[in-house]
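Engineer: Just so it is clear, I am handing over run_24.json, which has JSON, C-alpha atoms.
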[["chain", "number", "residue", "atom", "x", "y", "z"],
["A", 697, "ALA", "CA", 11.99, -69.08, -22.98],
["A", 698, "ASP", "CA", 10.95, -68.48, -26.58],
["A", 699, "GLY", "CA", 10.38, -64.73, -26.51],
["A", 700, "TYR", "CA", 6.63, -65.09, -27.08],
["A", 701, "SER", "CA", 5.27, -66.29, -23.73],
["A", 702, "VAL", "CA", 3.16, -64.12, -21.43],
["A", 703, "PHE", "CA", 6.18, -62.95, -19.43],
["A", 704, "TYR", "CA", 7.77, -61.36, -22.49],
["A", 705, "ALA", "CA", 4.50, -59.70, -23.49],
["A", 706, "PHE", "CA", 4.13, -58.34, -19.97],
["A", 707, "ALA", "CA", 7.71, -57.03, -20.02],
["A", 708, "VAL", "CA", 7.09, -55.17, -23.30],
["A", 709, "ASN", "CA", 3.85, -53.68, -21.95],
["A", 710, "PHE", "CA", 5.55, -52.66, -18.73],
["A", 711, "ALA", "CA", 8.43, -51.08, -20.67],
["A", 712, "ALA", "CA", 5.99, -49.01, -22.75],
["A", 713, "ILE", "CA", 4.23, -47.68, -19.64],
["A", 714, "PHE", "CA", 7.60, -46.97, -18.02],
["A", 715, "TYR", "CA", 8.86, -45.00, -21.03],
["A", 716, "LEU", "CA", 5.55, -43.17, -21.30],
["A", 717, "GLY", "CA", 6.19, -42.01, -17.74],
["A", 718, "ILE", "CA", 9.75, -40.94, -18.60],
["A", 719, "GLY", "CA", 8.47, -39.02, -21.63],
["A", 720, "LEU", "CA", 5.80, -37.26, -19.58],
["A", 721, "ILE", "CA", 8.27, -36.30, -16.84],
["A", 722, "TYR", "CA", 10.53, -34.63, -19.39],
["A", 723, "PHE", "CA", 7.55, -33.11, -21.20],
["A", 724, "ARG", "CA", 6.57, -31.38, -17.94],
["A", 725, "LYS", "CA", 10.17, -30.28, -17.36],
["A", 726, "LEU", "CA", 10.23, -28.86, -20.88],
["A", 727, "LEU", "CA", 6.98, -26.97, -20.28],
["A", 728, "ARG", "CA", 8.35, -25.64, -17.00],
["A", 729, "SER", "CA", 11.50, -24.41, -18.77],
["A", 730, "TYR", "CA", 9.22, -22.20, -20.89],
["A", 731, "GLN", "CA", 7.64, -20.85, -17.67],
["A", 732, "ALA", "CA", 4.35, -22.69, -18.28],
["A", 733, "GLY", "CA", 1.81, -22.03, -15.54],
["A", 734, "ASP", "CA", 0.26, -24.57, -13.20],
["A", 735, "THR", "CA", -2.83, -24.91, -15.40],
["A", 736, "ALA", "CA", -0.74, -25.82, -18.45],
["A", 737, "LEU", "CA", 1.36, -28.23, -16.39],
["A", 738, "ALA", "CA", -1.80, -29.94, -15.15],
["A", 739, "PHE", "CA", -3.71, -30.18, -18.43],
["A", 740, "LEU", "CA", -1.18, -30.46, -21.27],
["A", 741, "PRO", "CA", 0.31, -33.88, -20.35],
["A", 742, "PRO", "CA", -3.13, -35.62, -20.22],
["A", 743, "LEU", "CA", -4.18, -33.83, -23.41],
["A", 744, "LEU", "CA", -1.01, -35.04, -25.09],
["A", 745, "VAL", "CA", -1.60, -38.64, -23.97],
["A", 746, "PHE", "CA", -5.33, -38.91, -24.67],
["A", 747, "GLY", "CA", -5.59, -36.39, -27.51],
["A", 748, "THR", "CA", -2.92, -38.03, -29.68],
["A", 749, "ASN", "CA", -1.87, -41.59, -30.50],
["A", 750, "ILE", "CA", 0.50, -41.81, -27.53],
["A", 751, "PHE", "CA", -1.98, -43.71, -25.34],
["A", 752, "TYR", "CA", -2.62, -46.21, -28.16],
["A", 753, "TYR", "CA", 1.09, -46.89, -28.68],
["A", 754, "ALA", "CA", 1.72, -47.19, -24.94],
["A", 755, "VAL", "CA", -1.13, -49.63, -24.29],
["A", 756, "ILE", "CA", -2.03, -51.44, -27.54],
["A", 757, "GLU", "CA", 1.05, -51.31, -29.81],
["A", 758, "SER", "CA", 3.69, -51.25, -27.10],
["A", 759, "SER", "CA", 6.19, -53.27, -29.12],
["A", 760, "MET", "CA", 6.41, -50.58, -31.81],
["A", 761, "SER", "CA", 9.01, -47.81, -31.63],
["A", 762, "HIS", "CA", 6.67, -44.85, -31.15],
["A", 763, "ILE", "CA", 6.44, -44.66, -27.36],
["A", 764, "TYR", "CA", 10.19, -45.14, -26.99],
["A", 765, "SER", "CA", 10.73, -42.39, -29.56],
["A", 766, "PHE", "CA", 8.43, -40.15, -27.53],
["A", 767, "ALA", "CA", 10.50, -40.70, -24.39],
["A", 768, "ALA", "CA", 13.84, -40.20, -26.15],
["A", 769, "ILE", "CA", 12.69, -37.12, -28.07],
["A", 770, "THR", "CA", 11.17, -35.29, -25.09],
["A", 771, "THR", "CA", 14.27, -36.07, -23.03],
["A", 772, "PHE", "CA", 16.52, -34.85, -25.87],
["A", 773, "MET", "CA", 14.48, -31.67, -26.23],
["A", 774, "TRP", "CA", 14.83, -30.85, -22.55],
["A", 775, "TYR", "CA", 18.59, -31.49, -22.39],
["A", 776, "ALA", "CA", 19.18, -29.61, -25.65],
["A", 777, "ARG", "CA", 17.18, -26.64, -24.36],
["A", 778, "VAL", "CA", 19.07, -26.61, -21.05],
["A", 779, "TYR", "CA", 22.38, -26.76, -22.94],
["A", 780, "ILE", "CA", 21.37, -23.88, -25.22],
["A", 781, "ILE", "CA", 20.56, -21.79, -22.15],
["A", 782, "SER", "CA", 23.41, -22.83, -19.82],
["A", 783, "HIS", "CA", 26.23, -24.13, -22.09],
["A", 784, "PHE", "CA", 27.06, -26.78, -19.46],
["A", 785, "LYS", "CA", 29.18, -29.51, -21.05],
["A", 786, "ARG", "CA", 27.33, -32.48, -19.61],
["A", 787, "TYR", "CA", 24.04, -31.35, -21.14],
["A", 788, "PHE", "CA", 25.64, -31.28, -24.57],
["A", 789, "ILE", "CA", 26.93, -34.83, -24.11],
["A", 790, "TYR", "CA", 23.51, -36.01, -22.89],
["A", 791, "SER", "CA", 21.85, -34.31, -25.87],
["A", 792, "MET", "CA", 24.20, -35.92, -28.37],
["A", 793, "LEU", "CA", 23.83, -39.38, -26.84],
["A", 794, "LEU", "CA", 20.05, -39.02, -26.87],
["A", 795, "PHE", "CA", 20.19, -37.84, -30.48],
["A", 796, "GLY", "CA", 22.10, -41.00, -31.37],
["A", 797, "LEU", "CA", 19.53, -43.09, -29.48],
["A", 798, "ILE", "CA", 16.68, -41.34, -31.33],
["A", 799, "ILE", "CA", 18.24, -42.23, -34.70],
["A", 800, "LEU", "CA", 18.91, -45.77, -33.47],
["A", 801, "ILE", "CA", 15.25, -46.20, -32.47],
["A", 802, "ARG", "CA", 13.90, -44.82, -35.76],
["A", 803, "PRO", "CA", 16.24, -43.09, -38.25],
["A", 804, "VAL", "CA", 13.63, -40.68, -39.66],
["A", 805, "ASN", "CA", 13.22, -39.22, -36.17],
["A", 806, "GLY", "CA", 16.64, -37.64, -36.63],
["A", 807, "LEU", "CA", 14.62, -34.76, -38.08],
["A", 808, "VAL", "CA", 14.12, -33.71, -34.46],
["A", 809, "ILE", "CA", 17.37, -31.77, -34.88],
["A", 810, "LEU", "CA", 15.30, -29.19, -36.81],
["A", 811, "LEU", "CA", 13.60, -28.26, -33.51],
["A", 812, "LEU", "CA", 16.75, -26.61, -32.14],
["A", 813, "PRO", "CA", 15.74, -23.06, -33.20],
["A", 814, "PHE", "CA", 12.39, -23.51, -31.45],
["A", 815, "LEU", "CA", 14.08, -24.86, -28.34],
["A", 816, "ALA", "CA", 16.36, -21.83, -28.27],
["A", 817, "MET", "CA", 13.45, -19.41, -28.80],
["A", 818, "SER", "CA", 15.99, -16.85, -29.95],
["A", 819, "PRO", "CA", 18.50, -16.73, -32.82],
["A", 820, "VAL", "CA", 20.95, -15.04, -30.46],
["A", 821, "LYS", "CA", 20.79, -17.87, -27.89],
["A", 822, "LEU", "CA", 21.15, -20.47, -30.64],
["A", 823, "ARG", "CA", 24.17, -18.67, -32.07],
["A", 824, "GLU", "CA", 25.74, -18.35, -28.61],
["A", 825, "ALA", "CA", 25.29, -22.07, -27.95],
["A", 826, "PHE", "CA", 26.77, -22.93, -31.37],
["A", 827, "THR", "CA", 29.75, -20.64, -30.76],
["A", 828, "ALA", "CA", 30.29, -22.04, -27.26],
["A", 829, "THR", "CA", 30.32, -25.57, -28.68],
["A", 830, "VAL", "CA", 32.69, -24.82, -31.56],
["A", 831, "LYS", "CA", 35.11, -23.14, -29.13],
["A", 832, "ARG", "CA", 35.35, -26.44, -27.24],
["A", 833, "PRO", "CA", 36.46, -28.89, -29.96],
["A", 834, "LEU", "CA", 37.07, -31.76, -27.51],
["A", 835, "LEU", "CA", 33.47, -31.47, -26.29],
["A", 836, "LEU", "CA", 32.18, -31.35, -29.87],
["A", 837, "LEU", "CA", 34.21, -34.38, -30.94],
["A", 838, "THR", "CA", 33.18, -36.33, -27.83],
["A", 839, "GLY", "CA", 29.50, -35.61, -28.55],
["A", 840, "ILE", "CA", 29.82, -36.60, -32.21],
["A", 841, "ALA", "CA", 31.74, -39.77, -31.28],
["A", 842, "GLY", "CA", 29.02, -40.73, -28.79],
["A", 843, "THR", "CA", 26.28, -40.18, -31.36],
["A", 844, "LEU", "CA", 28.09, -42.16, -34.06],
["A", 845, "THR", "CA", 28.88, -44.99, -31.65],
["A", 846, "LEU", "CA", 25.20, -45.43, -30.83],
["A", 847, "ILE", "CA", 24.14, -45.20, -34.48],
["A", 848, "SER", "CA", 26.79, -47.76, -35.47],
["A", 849, "LEU", "CA", 25.17, -50.41, -33.27],
["A", 850, "GLN", "CA", 22.41, -50.91, -35.84],
["A", 851, "PHE", "CA", 24.89, -51.44, -38.66],
["A", 852, "ILE", "CA", 26.85, -53.94, -36.54],
["A", 853, "ILE", "CA", 23.64, -55.87, -35.78],
["A", 854, "TYR", "CA", 22.73, -55.85, -39.50],
["A", 855, "LYS", "CA", 26.19, -57.21, -40.34],
["A", 856, "ILE", "CA", 25.92, -59.99, -37.75],
["A", 857, "GLN", "CA", 22.39, -60.97, -38.80],
["A", 858, "THR", "CA", 22.53, -60.56, -42.60],
["A", 859, "GLY", "CA", 26.17, -60.24, -43.60],
["A", 860, "SER", "CA", 25.55, -56.69, -44.86],
["A", 861, "PHE", "CA", 26.03, -53.40, -43.01],
["A", 862, "PHE", "CA", 22.84, -51.93, -44.48],
["A", 863, "VAL", "CA", 19.39, -53.44, -44.86],
["A", 864, "ASP", "CA", 16.57, -51.52, -46.52],
["A", 865, "ALA", "CA", 13.74, -52.42, -44.16],
["A", 866, "TYR", "CA", 11.16, -50.44, -46.17],
["A", 867, "GLY", "CA", 11.66, -52.25, -49.48],
["A", 868, "ASP", "CA", 9.84, -50.47, -52.30],
["A", 869, "GLU", "CA", 8.45, -47.71, -50.04],
["A", 870, "SER", "CA", 10.17, -44.35, -50.29],
["A", 871, "PHE", "CA", 9.66, -40.60, -50.03],
["A", 872, "ASP", "CA", 8.64, -38.68, -53.12],
["A", 873, "PHE", "CA", 9.68, -35.13, -52.30],
["A", 874, "THR", "CA", 8.42, -33.84, -55.66],
["A", 875, "ASN", "CA", 4.84, -34.87, -54.78],
["A", 876, "PRO", "CA", 4.47, -34.45, -51.00],
["A", 877, "HIS", "CA", 0.62, -34.64, -50.63],
["A", 878, "ILE", "CA", 0.69, -32.00, -47.87],
["A", 879, "PHE", "CA", -3.07, -31.34, -47.95],
["A", 880, "SER", "CA", -3.85, -35.07, -47.83],
["A", 881, "PHE", "CA", -1.38, -35.56, -45.00],
["A", 882, "LEU", "CA", -3.11, -32.87, -42.95],
["A", 883, "PHE", "CA", -6.79, -33.16, -43.90],
["A", 884, "SER", "CA", -7.65, -36.36, -45.80],
["A", 885, "PHE", "CA", -10.02, -38.99, -44.46],
["A", 886, "LYS", "CA", -7.39, -41.63, -45.16],
["A", 887, "LYS", "CA", -4.64, -40.38, -42.85],
["A", 888, "GLY", "CA", -5.28, -36.70, -42.14],
["A", 889, "LEU", "CA", -3.37, -35.52, -39.06],
["A", 890, "PHE", "CA", -5.75, -32.70, -38.19],
["A", 891, "LEU", "CA", -8.83, -34.80, -38.93],
["A", 892, "TYR", "CA", -7.95, -37.67, -36.61],
["A", 893, "LEU", "CA", -5.93, -35.70, -34.05],
["A", 894, "PRO", "CA", -7.67, -32.29, -33.93],
["A", 895, "ILE", "CA", -5.69, -31.29, -30.85],
["A", 896, "THR", "CA", -2.59, -30.99, -33.06],
["A", 897, "PHE", "CA", -4.38, -28.27, -35.05]]
Mind converting the file's structure to structure tokens?
Structural biologist:
Amino acid sequence: ADGYSVFYAFAVNFAAIFYLGIGLIYFRKLLRSYQAGDTALAFLPPLLVFGTNIFYYAVIESSMSHIYSFAAITTFMWYARVYIISHFKRYFIYSMLLFGLIILIRPVNGLVILLLPFLAMSPVKLREAFTATVKRPLLLLTGIAGTLTLISLQFIIYKIQTGSFFVDAYGDESFDFTNPHIFSFLFSFKKGLFLYLPITF
């Protein structure tokens, strides 16, 4: 029981396939919530899997965070959209817990919060959901507490393992927002998104 035998490798591979399935279920639910037709529901999930890196991260690099992020983000998007439309309390709590899990899996994925206007599809619906949430302070505080509790787990683990609450896992790597290389990011032969994943274009 050393963490490296075949049983552990199998468990990680199985987990990746399982969470790919969860992500695809919620991806279809999300499409359906936008009244996507049967053709879109049939073809978009396979296009997403085989037209992007999702298949690679589910099958080859299953120990990396990407496939688990995919599952958490698609699930978050669906619950957030349902909350924006319905204002049901439980969907807000689910959304906030999933948001905390997303940050716990990979902090930069917290940027998913910027998708809320697109999930609402209407400034009026987004404003109504925001107002409905603010008018229920106990719900808002419960959601925030749930998110912060999940996020705090990483800092607790850092403290136990290293003696410090924060560890810079990226070392010398950082973002340079004054020189973003947008064209290279989208079109370069080195790492161009649209070049290697044309379906995203």
Engineer: What gap, in Å, lies between atom CA of A:Thr896 and atom CA of A:Asn709?
Structural biologist: 26.1 Å
Engineer: Of the candidates A:Phe890, A:Phe862, A:Phe826, A:Phe710, which shows the shortest atom-to-atom distance to A:Ile781, using all atoms listed in the file?
Structural biologist: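 Between A:Phe890, A:Phe862, A:Phe826, A:Phe710, the residue approaching A:Ile781 most closely is A:Phe826.
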Engineer: Name the residues within 12 Å of (27.9, -23.5, -30.0), counting all atoms listed in the file in the file's coordinates, and put them as a list of chain:residue names.
Structural biologist: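 Residues satisfying the cut-off, written out: A:Ala776, A:Tyr779, A:Ile780, A:Ile781, A:Ser782, A:His783, A:Phe784, A:Lys785, A:Phe788, A:Leu812, A:Ala816, A:Pro819, A:Val820, A:Lys821, A:Leu822, A:Arg823, A:Glu824, A:Ala825, A:Phe826, A:Thr827, A:Ala828, A:Thr829, A:Val830, A:Lys831, A:Arg832, A:Pro833, A:Leu835, A:Leu836.
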Engineer: Please, which residues are within 12 Å of (8.3, -36.9, -19.6) by the file's coordinates, counting all atoms listed in the file, and could they come as number ranges by chain?
Structural biologist: A: 713-728, 737, 740-742, 744-745, 763-775
Engineer: Between A:Leu893, A:Leu794, A:Pro803, A:Ile789, which one has atoms that come closest to A:Asp864, using only C-alpha atoms?
Structural biologist: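 That would be A:Pro803, the residue with the smallest distance to A:Asp864.
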Engineer: Could you tell me which of A:Ser791, A:Gln731, A:Thr748, A:Asn805 comes closest to A:Thr838 if we count all atoms listed in the file?
Structural biologist: A:Ser791
Engineer: Would you please work out which residue, of A:Asp868, A:Phe814, A:His762, A:Gly839, is nearest to A:Tyr787 when using all atoms listed in the file?
Structural biologist: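 Under the stated criterion, the closest residue is A:Gly839.
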Engineer: How many Å lie between atom CA of A:Ile853 and atom CA of A:Phe795, rounded to one decimal?
Structural biologist: 19.1 Å
Engineer: Find the distance between atom CA of A:Phe851 and atom CA of A:Ser761 and write it in Å to one decimal.
Structural biologist: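 For atom CA of A:Phe851 relative to atom CA of A:Ser761, the distance reads 17.7 Å.
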Engineer: Would you mind listing what lies within 9 Å of A:Gly842 as a ChimeraX atom specification, with only C-alpha atoms counted and same-chain residues fewer than 3 positions away left out?
Structural biologist: /A:789,792-793,796,837-839,845-847
Engineer: Considering only C-alpha atoms, state which residue in the set A:Ala738, A:Leu797, A:Val863, A:Ala705 is at the smallest distance from A:Ile756.
Structural biologist: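 Distance minimum relative to A:Ile756 lands on A:Ala705.
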Engineer: Would you mind completing stretch 786-797 of chain A to all heavy atoms and writing the output as a PDB file, in the coordinates of the input?
Structural biologist:
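Here's the written file selection_2.pdb:
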ATOM      1  N   ARG A 786      28.001 -31.190 -19.757  1.00  0.00           N
ATOM      2  CA  ARG A 786      27.330 -32.480 -19.610  1.00  0.00           C
ATOM      3  C   ARG A 786      25.994 -32.514 -20.343  1.00  0.00           C
ATOM      4  O   ARG A 786      25.592 -33.557 -20.853  1.00  0.00           O
ATOM      5  CB  ARG A 786      27.161 -32.841 -18.137  1.00  0.00           C
ATOM      6  CG  ARG A 786      26.204 -31.995 -17.358  1.00  0.00           C
ATOM      7  CD  ARG A 786      26.101 -32.503 -15.916  1.00  0.00           C
ATOM      8  NE  ARG A 786      25.155 -31.753 -15.129  1.00  0.00           N
ATOM      9  CZ  ARG A 786      25.426 -30.641 -14.473  1.00  0.00           C
ATOM     10  NH1 ARG A 786      26.655 -30.135 -14.531  1.00  0.00           N
ATOM     11  NH2 ARG A 786      24.510 -30.015 -13.767  1.00  0.00           N
ATOM     12  N   TYR A 787      25.317 -31.373 -20.435  1.00  0.00           N
ATOM     13  CA  TYR A 787      24.040 -31.350 -21.140  1.00  0.00           C
ATOM     14  C   TYR A 787      24.225 -31.526 -22.645  1.00  0.00           C
ATOM     15  O   TYR A 787      23.373 -32.097 -23.314  1.00  0.00           O
ATOM     16  CB  TYR A 787      23.276 -30.061 -20.836  1.00  0.00           C
ATOM     17  CG  TYR A 787      22.845 -29.955 -19.394  1.00  0.00           C
ATOM     18  CD1 TYR A 787      23.201 -28.858 -18.623  1.00  0.00           C
ATOM     19  CD2 TYR A 787      22.106 -30.965 -18.795  1.00  0.00           C
ATOM     20  CE1 TYR A 787      22.820 -28.768 -17.297  1.00  0.00           C
ATOM     21  CE2 TYR A 787      21.724 -30.884 -17.465  1.00  0.00           C
ATOM     22  CZ  TYR A 787      22.082 -29.781 -16.725  1.00  0.00           C
ATOM     23  OH  TYR A 787      21.701 -29.699 -15.415  1.00  0.00           O
ATOM     24  N   PHE A 788      25.339 -31.051 -23.154  1.00  0.00           N
ATOM     25  CA  PHE A 788      25.640 -31.280 -24.570  1.00  0.00           C
ATOM     26  C   PHE A 788      25.875 -32.760 -24.831  1.00  0.00           C
ATOM     27  O   PHE A 788      25.341 -33.330 -25.798  1.00  0.00           O
ATOM     28  CB  PHE A 788      26.866 -30.466 -24.999  1.00  0.00           C
ATOM     29  CG  PHE A 788      27.258 -30.691 -26.430  1.00  0.00           C
ATOM     30  CD1 PHE A 788      26.535 -30.110 -27.461  1.00  0.00           C
ATOM     31  CD2 PHE A 788      28.328 -31.512 -26.755  1.00  0.00           C
ATOM     32  CE1 PHE A 788      26.882 -30.327 -28.785  1.00  0.00           C
ATOM     33  CE2 PHE A 788      28.676 -31.737 -28.072  1.00  0.00           C
ATOM     34  CZ  PHE A 788      27.955 -31.136 -29.089  1.00  0.00           C
ATOM     35  N   ILE A 789      26.650 -33.396 -23.954  1.00  0.00           N
ATOM     36  CA  ILE A 789      26.930 -34.830 -24.110  1.00  0.00           C
ATOM     37  C   ILE A 789      25.630 -35.629 -24.010  1.00  0.00           C
ATOM     38  O   ILE A 789      25.374 -36.521 -24.827  1.00  0.00           O
ATOM     39  CB  ILE A 789      27.944 -35.310 -23.049  1.00  0.00           C
ATOM     40  CG1 ILE A 789      29.291 -34.588 -23.219  1.00  0.00           C
ATOM     41  CG2 ILE A 789      28.124 -36.818 -23.114  1.00  0.00           C
ATOM     42  CD1 ILE A 789      29.975 -34.817 -24.556  1.00  0.00           C
ATOM     43  N   TYR A 790      24.796 -35.309 -23.029  1.00  0.00           N
ATOM     44  CA  TYR A 790      23.510 -36.010 -22.890  1.00  0.00           C
ATOM     45  C   TYR A 790      22.662 -35.827 -24.152  1.00  0.00           C
ATOM     46  O   TYR A 790      22.042 -36.772 -24.643  1.00  0.00           O
ATOM     47  CB  TYR A 790      22.714 -35.486 -21.684  1.00  0.00           C
ATOM     48  CG  TYR A 790      23.365 -35.719 -20.343  1.00  0.00           C
ATOM     49  CD1 TYR A 790      22.989 -34.953 -19.245  1.00  0.00           C
ATOM     50  CD2 TYR A 790      24.343 -36.694 -20.145  1.00  0.00           C
ATOM     51  CE1 TYR A 790      23.566 -35.150 -17.998  1.00  0.00           C
ATOM     52  CE2 TYR A 790      24.929 -36.889 -18.907  1.00  0.00           C
ATOM     53  CZ  TYR A 790      24.534 -36.104 -17.834  1.00  0.00           C
ATOM     54  OH  TYR A 790      25.107 -36.301 -16.613  1.00  0.00           O
ATOM     55  N   SER A 791      22.642 -34.600 -24.660  1.00  0.00           N
ATOM     56  CA  SER A 791      21.850 -34.310 -25.870  1.00  0.00           C
ATOM     57  C   SER A 791      22.347 -35.127 -27.056  1.00  0.00           C
ATOM     58  O   SER A 791      21.550 -35.693 -27.812  1.00  0.00           O
ATOM     59  CB  SER A 791      21.908 -32.819 -26.223  1.00  0.00           C
ATOM     60  OG  SER A 791      21.372 -32.047 -25.202  1.00  0.00           O
ATOM     61  N   MET A 792      23.641 -35.193 -27.226  1.00  0.00           N
ATOM     62  CA  MET A 792      24.200 -35.920 -28.370  1.00  0.00           C
ATOM     63  C   MET A 792      23.970 -37.419 -28.241  1.00  0.00           C
ATOM     64  O   MET A 792      23.666 -38.091 -29.235  1.00  0.00           O
ATOM     65  CB  MET A 792      25.698 -35.606 -28.501  1.00  0.00           C
ATOM     66  CG  MET A 792      25.995 -34.175 -28.899  1.00  0.00           C
ATOM     67  SD  MET A 792      25.327 -33.730 -30.522  1.00  0.00           S
ATOM     68  CE  MET A 792      26.488 -34.554 -31.593  1.00  0.00           C
ATOM     69  N   LEU A 793      24.100 -37.957 -27.036  1.00  0.00           N
ATOM     70  CA  LEU A 793      23.830 -39.380 -26.840  1.00  0.00           C
ATOM     71  C   LEU A 793      22.351 -39.691 -27.095  1.00  0.00           C
ATOM     72  O   LEU A 793      22.013 -40.701 -27.720  1.00  0.00           O
ATOM     73  CB  LEU A 793      24.229 -39.816 -25.427  1.00  0.00           C
ATOM     74  CG  LEU A 793      25.732 -39.843 -25.144  1.00  0.00           C
ATOM     75  CD1 LEU A 793      25.995 -40.122 -23.671  1.00  0.00           C
ATOM     76  CD2 LEU A 793      26.440 -40.863 -26.028  1.00  0.00           C
ATOM     77  N   LEU A 794      21.482 -38.824 -26.630  1.00  0.00           N
ATOM     78  CA  LEU A 794      20.050 -39.020 -26.870  1.00  0.00           C
ATOM     79  C   LEU A 794      19.723 -38.888 -28.351  1.00  0.00           C
ATOM     80  O   LEU A 794      18.873 -39.613 -28.880  1.00  0.00           O
ATOM     81  CB  LEU A 794      19.235 -38.017 -26.050  1.00  0.00           C
ATOM     82  CG  LEU A 794      19.128 -38.376 -24.573  1.00  0.00           C
ATOM     83  CD1 LEU A 794      18.753 -37.153 -23.746  1.00  0.00           C
ATOM     84  CD2 LEU A 794      18.123 -39.496 -24.361  1.00  0.00           C
ATOM     85  N   PHE A 795      20.404 -37.984 -29.044  1.00  0.00           N
ATOM     86  CA  PHE A 795      20.190 -37.840 -30.480  1.00  0.00           C
ATOM     87  C   PHE A 795      20.585 -39.126 -31.205  1.00  0.00           C
ATOM     88  O   PHE A 795      19.872 -39.611 -32.093  1.00  0.00           O
ATOM     89  CB  PHE A 795      20.967 -36.648 -31.032  1.00  0.00           C
ATOM     90  CG  PHE A 795      20.739 -36.388 -32.487  1.00  0.00           C
ATOM     91  CD1 PHE A 795      19.472 -36.055 -32.958  1.00  0.00           C
ATOM     92  CD2 PHE A 795      21.776 -36.491 -33.398  1.00  0.00           C
ATOM     93  CE1 PHE A 795      19.246 -35.822 -34.306  1.00  0.00           C
ATOM     94  CE2 PHE A 795      21.559 -36.257 -34.746  1.00  0.00           C
ATOM     95  CZ  PHE A 795      20.296 -35.923 -35.201  1.00  0.00           C
ATOM     96  N   GLY A 796      21.702 -39.719 -30.800  1.00  0.00           N
ATOM     97  CA  GLY A 796      22.100 -41.000 -31.370  1.00  0.00           C
ATOM     98  C   GLY A 796      21.084 -42.095 -31.082  1.00  0.00           C
ATOM     99  O   GLY A 796      20.747 -42.902 -31.947  1.00  0.00           O
ATOM    100  N   LEU A 797      20.547 -42.107 -29.850  1.00  0.00           N
ATOM    101  CA  LEU A 797      19.530 -43.090 -29.480  1.00  0.00           C
ATOM    102  C   LEU A 797      18.256 -42.892 -30.297  1.00  0.00           C
ATOM    103  O   LEU A 797      17.634 -43.865 -30.734  1.00  0.00           O
ATOM    104  CB  LEU A 797      19.227 -42.964 -27.976  1.00  0.00           C
ATOM    105  CG  LEU A 797      18.221 -43.950 -27.406  1.00  0.00           C
ATOM    106  CD1 LEU A 797      18.731 -45.385 -27.550  1.00  0.00           C
ATOM    107  CD2 LEU A 797      17.936 -43.627 -25.947  1.00  0.00           C
TER     108      LEU A 797
END
